[in-house]
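A.B. asks: Handing you this structure, nothing more for now.
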Amino acid sequence: MSHNRKEIPINNEKQESPAVSQQVSDTAKYVASLKAAAQFGGWSGNRTSPLFKQKNPLISESDIQKYAQIPQSIKTSVAVRERFFNKQMDYYVKKENYKQILILGSGLDVRAFHKNRDNQKDKAVSFYENVKFYEVDCAAILNPKENFFKENHLNKNAEYIQANYTQDNFVEMLKDKGFDITSPTLIIWEGNSMYIEKSKIEKLFQDLKAFSQFTIVFDHFTRDLIEGPRENSIYALHKQGLWVTGFNSEDIQKFAQVNGMNTTTIVEINELKQEYQVEENPEPSHYLISTMRK
Ligand SMILES: C[S@@+](CC[C@H](N)C(=O)[O-])C[C@H]1O[C@@H](n2cnc3c(N)ncnc32)[C@H](O)[C@@H]1O
């Protein structure tokens with residue numbers, strides 16, 4: 001981050017956030033910092049190019065240093081996940097002509113910002129020119145995020161909806177901001193499913209039935225991991241009891257079917273680590289990304 005930019009003060013004090021517990025909203029900066037730490041290297045594989053090119057302007061060098069003790073394999077996992085989600089987004093925009101992207105629990109995700117007009121001006125073809133982004137998260141995240149872009153005269157390129165998507169009528173709130181429930185939509189639900197009780201996830205998917213056509217891409221742990229013993233887990237957030245829901249592959253198939261969707265992808269982070277050449281023989285992670293489509 002350049003030094004003349006004002007930094008984002010995330011959660012220095014408790015802000016109005018009936019939506020999401022502070023412990024969960026605090027994970028936004030943690031995850032964005034881990035991604036930034038593993039973006040350009042540090043992995044054990046022989047990959048020579050970055051996992052993703054654009055830096056996150058909301059993350060400073062000191063944020064990255066704060067988590068220096070977190071194992072590299074975990075940092076690499078979240079950076080790999082960022083790359084996979086980016087590729088999914090490109091696919092749905094470029095190949096399937098989607099014009100709406102909804103980011104649920106967006107945290108410090110800056111995909112919308114990177115696709116703003118200024119940041120795309122050197123592209124020969126701007127696939128993102130007419131794509132609209134909507135981000136849903138709590139006030140404690142979205143207020144300082146919005147202020148950061150405003151104060152630095154940067155185009156955030158998204159409509160922000162301050163809501164708890166498991167409690168509030170976020171579909172109506174989206175419509176109020178111009179969201180078209182009949183337009184094919186990519187839903188990015190990244191780094192969220194593990195924090196939400198299963199019954200609330202079911203309610204969320206009931207609400208999503210209001211959309212005519214969508215594809216949702218989300219990462220999740222296995223049910224086996226979540227229901228298994230926590231003490232020896234390699235994941236600090238799991239040990240803290242912050243993760244409450246997991247899906248095995250067979251659960252995903254069933255969940256999709258019950259909710260009138262097809263499963264289009266179930267991939268293990270470990271497979272992606274090998275494909276992206278960042279680890280040769282990764283340890284079993286119980287960590288997957290799935291894509292479902294209506
Ligand atoms: C681990 S962060 C992930 C952020 C970002 N999607 C990423 O992957 O980098 C989880 C984010 O989801 C938000 N979140 C979790 N549950 C939510 C809910 N029910 N409604 C709105 N936001 C939620 C939290 O506030 C936090 O910003």
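Scheme for the structure tokens: letters A, B, ... for chains in order shown; per-chain residue numbers from 1; ligand numbers from 1 in order shown.
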For the strand (DSSP E or B) assignment from backbone DSSP, which residues of range 158-252 of chain A qualify? Please present them as a PDB file with N, CA and C atoms, in the first residue's frame.
C.D. replies:
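Heads up, here's the output in part-v7.pdb:
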ATOM      1  N   GLU A 159     -22.341  -2.007  -5.423  1.00  0.00           N
ATOM      2  CA  GLU A 159     -23.357  -1.548  -4.476  1.00  0.00           C
ATOM      3  C   GLU A 159     -23.125  -2.321  -3.182  1.00  0.00           C
ATOM      4  N   TYR A 160     -23.071  -1.608  -2.079  1.00  0.00           N
ATOM      5  CA  TYR A 160     -22.891  -2.265  -0.777  1.00  0.00           C
ATOM      6  C   TYR A 160     -24.246  -2.400  -0.081  1.00  0.00           C
ATOM      7  N   ILE A 161     -24.519  -3.593   0.414  1.00  0.00           N
ATOM      8  CA  ILE A 161     -25.757  -3.838   1.147  1.00  0.00           C
ATOM      9  C   ILE A 161     -25.381  -4.307   2.547  1.00  0.00           C
ATOM     10  N   GLN A 162     -25.721  -3.456   3.522  1.00  0.00           N
ATOM     11  CA  GLN A 162     -25.393  -3.807   4.909  1.00  0.00           C
ATOM     12  C   GLN A 162     -26.504  -4.689   5.440  1.00  0.00           C
ATOM     13  N   THR A 185     -26.940 -14.690 -12.519  1.00  0.00           N
ATOM     14  CA  THR A 185     -26.066 -14.080 -11.508  1.00  0.00           C
ATOM     15  C   THR A 185     -25.046 -15.080 -10.992  1.00  0.00           C
ATOM     16  N   LEU A 186     -23.806 -14.628 -10.872  1.00  0.00           N
ATOM     17  CA  LEU A 186     -22.802 -15.438 -10.190  1.00  0.00           C
ATOM     18  C   LEU A 186     -22.777 -15.007  -8.727  1.00  0.00           C
ATOM     19  N   ILE A 187     -22.960 -15.971  -7.841  1.00  0.00           N
ATOM     20  CA  ILE A 187     -22.875 -15.672  -6.403  1.00  0.00           C
ATOM     21  C   ILE A 187     -21.546 -16.209  -5.885  1.00  0.00           C
ATOM     22  N   ILE A 188     -20.738 -15.294  -5.398  1.00  0.00           N
ATOM     23  CA  ILE A 188     -19.461 -15.668  -4.782  1.00  0.00           C
ATOM     24  C   ILE A 188     -19.711 -15.730  -3.289  1.00  0.00           C
ATOM     25  N   TRP A 189     -19.600 -16.917  -2.726  1.00  0.00           N
ATOM     26  CA  TRP A 189     -19.860 -17.115  -1.292  1.00  0.00           C
ATOM     27  C   TRP A 189     -18.600 -17.753  -0.720  1.00  0.00           C
ATOM     28  N   PHE A 214     -29.009 -18.691 -11.340  1.00  0.00           N
ATOM     29  CA  PHE A 214     -27.752 -18.305 -10.705  1.00  0.00           C
ATOM     30  C   PHE A 214     -26.803 -19.492 -10.606  1.00  0.00           C
ATOM     31  N   THR A 215     -25.540 -19.159 -10.429  1.00  0.00           N
ATOM     32  CA  THR A 215     -24.515 -20.150 -10.103  1.00  0.00           C
ATOM     33  C   THR A 215     -23.866 -19.662  -8.829  1.00  0.00           C
ATOM     34  N   ILE A 216     -23.750 -20.557  -7.877  1.00  0.00           N
ATOM     35  CA  ILE A 216     -23.097 -20.168  -6.619  1.00  0.00           C
ATOM     36  C   ILE A 216     -21.817 -20.979  -6.455  1.00  0.00           C
ATOM     37  N   VAL A 217     -20.740 -20.279  -6.178  1.00  0.00           N
ATOM     38  CA  VAL A 217     -19.466 -20.960  -5.941  1.00  0.00           C
ATOM     39  C   VAL A 217     -19.064 -20.686  -4.503  1.00  0.00           C
ATOM     40  N   PHE A 218     -18.755 -21.750  -3.782  1.00  0.00           N
ATOM     41  CA  PHE A 218     -18.425 -21.580  -2.360  1.00  0.00           C
ATOM     42  C   PHE A 218     -17.450 -22.638  -1.873  1.00  0.00           C
ATOM     43  N   ASP A 219     -16.659 -22.233  -0.897  1.00  0.00           N
ATOM     44  CA  ASP A 219     -15.711 -23.170  -0.291  1.00  0.00           C
ATOM     45  C   ASP A 219     -16.314 -23.697   1.000  1.00  0.00           C
ATOM     46  N   HIS A 220     -15.932 -24.909   1.350  1.00  0.00           N
ATOM     47  CA  HIS A 220     -16.474 -25.512   2.577  1.00  0.00           C
ATOM     48  C   HIS A 220     -15.529 -26.596   3.071  1.00  0.00           C
ATOM     49  N   PHE A 221     -15.616 -26.840   4.362  1.00  0.00           N
ATOM     50  CA  PHE A 221     -14.888 -27.970   4.917  1.00  0.00           C
ATOM     51  C   PHE A 221     -15.781 -29.193   4.876  1.00  0.00           C
TER      52      PHE A 221
END
A.B. asks: I need the residues in range 66-294 of chain A that are alpha helix (DSSP H) according to DSSP; give them as a PyMOL selection string.
C.D. replies: chain A and resi 66+72-94+111-114+139-151+170-176+198-208+223-227+236-239+249-258+269-275
A.B. asks: Please provide as an MDAnalysis selection string all residues within 9 Å of Leu204 in chain A, with the sequence filter that same-chain residues fewer than 6 positions apart are discarded (counting only C-alpha atoms).
C.D. replies: chainID A and resid 165:167
A.B. asks: Give me a file of those residues, with N, CA and C atoms, as a compact mmCIF listing (two decimals), in the first residue's frame.
C.D. replies:
# COMPACT_ATOMS: atom_id res chain seq x y z
N TYR A 165 -27.30 -11.76 5.83
CA TYR A 165 -28.06 -12.48 4.79
C TYR A 165 -28.78 -13.71 5.35
N THR A 166 -28.57 -14.06 6.61
CA THR A 166 -29.36 -15.17 7.17
C THR A 166 -30.54 -14.66 8.00
N GLN A 167 -30.60 -13.34 8.20
CA GLN A 167 -31.70 -12.79 9.02
C GLN A 167 -32.54 -11.78 8.27
A.B. asks: Which residues come within 12 Å of Ser126 in chain A, counting only C-alpha atoms, excluding same-chain residues fewer than 3 positions away, as an MDAnalysis selection string?
C.D. replies: chainID A and resid 90 93:94 115:123 129:131
A.B. asks: Select the residues contacting ligand 1 at a distance of at most 7 Å, based on only C-alpha atoms and all ligand atoms, then format the selection as an MDAnalysis selection string.
C.D. replies: chainID A and resid 19:20 24:28 31:32 104:109 136:138 141 163:166 189:192 195:196
A.B. asks: Residues of range 84-155 of chain A that approach range 38-58 of chain A to 8 Å or less, counting only C-alpha atoms: could you list each one with the shortest pair of atoms and its distance in Å to one decimal, rows by chain and increasing residue number, as JSON lines?
C.D. replies:
{"residue": "A:Leu108", "atom": "CA", "partner": "A:Leu58", "partner_atom": "CA", "distance": 7.1}
{"residue": "A:Val110", "atom": "CA", "partner": "A:Asn56", "partner_atom": "CA", "distance": 6.5}
{"residue": "A:His114", "atom": "CA", "partner": "A:Gln54", "partner_atom": "CA", "distance": 7.4}
{"residue": "A:Lys145", "atom": "CA", "partner": "A:Leu58", "partner_atom": "CA", "distance": 7.9}
{"residue": "A:Phe148", "atom": "CA", "partner": "A:Leu58", "partner_atom": "CA", "distance": 7.8}
A.B. asks: Which residues are close to range 66-71 of chain A, i.e. within 8 Å by only C-alpha atoms, leaving aside same-chain residues fewer than 6 positions away? Reply as a list of chain:residue names.
C.D. replies: A:Tyr30, A:Ser33, A:Leu34
A.B. asks: Could you check the closest approach to Tyr98 in chain A for each of A:Pro284, A:Pro184, A:Gly260, A:Gly228 and tell me which residue wins, using only C-alpha atoms?
C.D. replies: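 The answer is A:Pro184, which sits nearest to Tyr98 in chain A.
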A.B. asks: Rounded to one decimal place, report the CA of Val125 in chain A-CA of Leu102 in chain A distance in Å.
C.D. replies: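 Distance between the two atoms: 22.5 Å.
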A.B. asks: So that I can see what lies close to Lys132 in chain A, please list as a list in words the residues with an atom at most 9 Å from it, counting only C-alpha atoms and leaving out residues fewer than 5 positions away in the same chain.
C.D. replies: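 With the cut-off at 9 Å, the set is Lys99, Gln100, Ile101, Leu102, Ala112, Asn157, Ala158, Glu159 and Phe179 of chain A.
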A.B. asks: Could you turn the residues from that selection into a file that holds C-alpha atoms, as a PDB file, in the first residue's frame?
C.D. replies:
ATOM      1  CA  LYS A  99     -23.785  -9.423 -15.986  1.00  0.00           C
ATOM      2  CA  GLN A 100     -24.402  -9.608 -12.242  1.00  0.00           C
ATOM      3  CA  ILE A 101     -22.070 -10.686  -9.491  1.00  0.00           C
ATOM      4  CA  LEU A 102     -23.281 -10.956  -5.927  1.00  0.00           C
ATOM      5  CA  ALA A 112     -15.234  -5.364  -7.897  1.00  0.00           C
ATOM      6  CA  ASN A 157     -17.474  -0.368  -8.341  1.00  0.00           C
ATOM      7  CA  ALA A 158     -20.103  -2.154  -6.263  1.00  0.00           C
ATOM      8  CA  GLU A 159     -23.357  -1.548  -4.476  1.00  0.00           C
ATOM      9  CA  PHE A 179     -30.337  -5.844  -8.550  1.00  0.00           C
TER      10      PHE A 179
END
A.B. asks: Could you pull the residues within 9 Å of Ser77 in chain A, counting only C-alpha atoms, minus those fewer than 2 positions along the same chain, as a ChimeraX atom specification?
C.D. replies: /A:35,38,72-75,79-82,269-270,272-273,287
A.B. asks: Those same residues - N, CA and C atoms - I'd like them written as a PDB file, in the first residue's frame.
C.D. replies:
ATOM      1  N   LYS A  35      -4.109 -14.239   2.304  1.00  0.00           N
ATOM      2  CA  LYS A  35      -4.063 -14.313   0.834  1.00  0.00           C
ATOM      3  C   LYS A  35      -2.904 -13.469   0.311  1.00  0.00           C
ATOM      4  N   ALA A  38       0.535 -15.024   0.608  1.00  0.00           N
ATOM      5  CA  ALA A  38       0.905 -16.154  -0.258  1.00  0.00           C
ATOM      6  C   ALA A  38       0.664 -15.866  -1.733  1.00  0.00           C
ATOM      7  N   GLN A  72       2.521 -21.925   6.260  1.00  0.00           N
ATOM      8  CA  GLN A  72       2.475 -21.570   4.842  1.00  0.00           C
ATOM      9  C   GLN A  72       1.377 -22.335   4.102  1.00  0.00           C
ATOM     10  N   SER A  73       1.161 -23.616   4.451  1.00  0.00           N
ATOM     11  CA  SER A  73       0.184 -24.409   3.690  1.00  0.00           C
ATOM     12  C   SER A  73      -1.218 -23.789   3.820  1.00  0.00           C
ATOM     13  N   ILE A  74      -1.500 -23.139   4.963  1.00  0.00           N
ATOM     14  CA  ILE A  74      -2.818 -22.518   5.144  1.00  0.00           C
ATOM     15  C   ILE A  74      -2.897 -21.221   4.336  1.00  0.00           C
ATOM     16  N   LYS A  75      -1.811 -20.447   4.364  1.00  0.00           N
ATOM     17  CA  LYS A  75      -1.795 -19.230   3.536  1.00  0.00           C
ATOM     18  C   LYS A  75      -1.951 -19.602   2.059  1.00  0.00           C
ATOM     19  N   ALA A  79      -4.873 -18.481  -0.799  1.00  0.00           N
ATOM     20  CA  ALA A  79      -4.466 -17.816  -2.049  1.00  0.00           C
ATOM     21  C   ALA A  79      -4.888 -18.659  -3.258  1.00  0.00           C
ATOM     22  N   VAL A  80      -4.819 -19.972  -3.107  1.00  0.00           N
ATOM     23  CA  VAL A  80      -5.282 -20.886  -4.167  1.00  0.00           C
ATOM     24  C   VAL A  80      -6.791 -20.715  -4.375  1.00  0.00           C
ATOM     25  N   ARG A  81      -7.478 -20.586  -3.267  1.00  0.00           N
ATOM     26  CA  ARG A  81      -8.940 -20.400  -3.340  1.00  0.00           C
ATOM     27  C   ARG A  81      -9.260 -19.097  -4.067  1.00  0.00           C
ATOM     28  N   GLU A  82      -8.529 -18.038  -3.765  1.00  0.00           N
ATOM     29  CA  GLU A  82      -8.742 -16.755  -4.459  1.00  0.00           C
ATOM     30  C   GLU A  82      -8.578 -16.950  -5.972  1.00  0.00           C
ATOM     31  N   ILE A 269      -9.169 -28.490  -2.484  1.00  0.00           N
ATOM     32  CA  ILE A 269      -8.093 -27.491  -2.514  1.00  0.00           C
ATOM     33  C   ILE A 269      -6.758 -28.184  -2.831  1.00  0.00           C
ATOM     34  N   ASN A 270      -6.590 -29.398  -2.315  1.00  0.00           N
ATOM     35  CA  ASN A 270      -5.324 -30.112  -2.569  1.00  0.00           C
ATOM     36  C   ASN A 270      -5.104 -30.391  -4.053  1.00  0.00           C
ATOM     37  N   LEU A 272      -6.200 -28.537  -6.400  1.00  0.00           N
ATOM     38  CA  LEU A 272      -5.847 -27.231  -7.002  1.00  0.00           C
ATOM     39  C   LEU A 272      -4.399 -26.872  -6.687  1.00  0.00           C
ATOM     40  N   LYS A 273      -3.957 -27.210  -5.480  1.00  0.00           N
ATOM     41  CA  LYS A 273      -2.562 -26.915  -5.116  1.00  0.00           C
ATOM     42  C   LYS A 273      -1.609 -27.626  -6.081  1.00  0.00           C
ATOM     43  N   TYR A 287     -10.791 -29.784   2.716  1.00  0.00           N
ATOM     44  CA  TYR A 287     -11.217 -28.446   2.287  1.00  0.00           C
ATOM     45  C   TYR A 287     -11.554 -28.493   0.797  1.00  0.00           C
TER      46      TYR A 287
END
A.B. asks: Rounded to one decimal in Å, what is the spacing between CA of Lys150 in chain A and CA of Tyr92 in chain A?
C.D. replies: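 Answer for the CA of Lys150 in chain A to CA of Tyr92 in chain A separation: 29.1 Å.
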A.B. asks: Which of these residues is nearest to Lys95 in chain A, using only C-alpha atoms: A:Thr76, A:Phe127, A:Val171, A:Gln277?
C.D. replies: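 Ranked by minimum distance to Lys95 in chain A, first place goes to A:Phe127.
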A.B. asks: Just how far from CA of Thr222 in chain A is CA of Trp243 in chain A, in Å to one decimal?
C.D. replies: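 Value for the CA of Trp243 in chain A-CA of Thr222 in chain A distance: 11.0 Å.
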A.B. asks: Check the smallest atom-to-atom distance from each of A:Val258, A:Asn143, A:Gly241, A:Val267 to Glu202 in chain A using only C-alpha atoms, then report the winner.
C.D. replies: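 Counting only C-alpha atoms, the residue closest to Glu202 in chain A is A:Val258.
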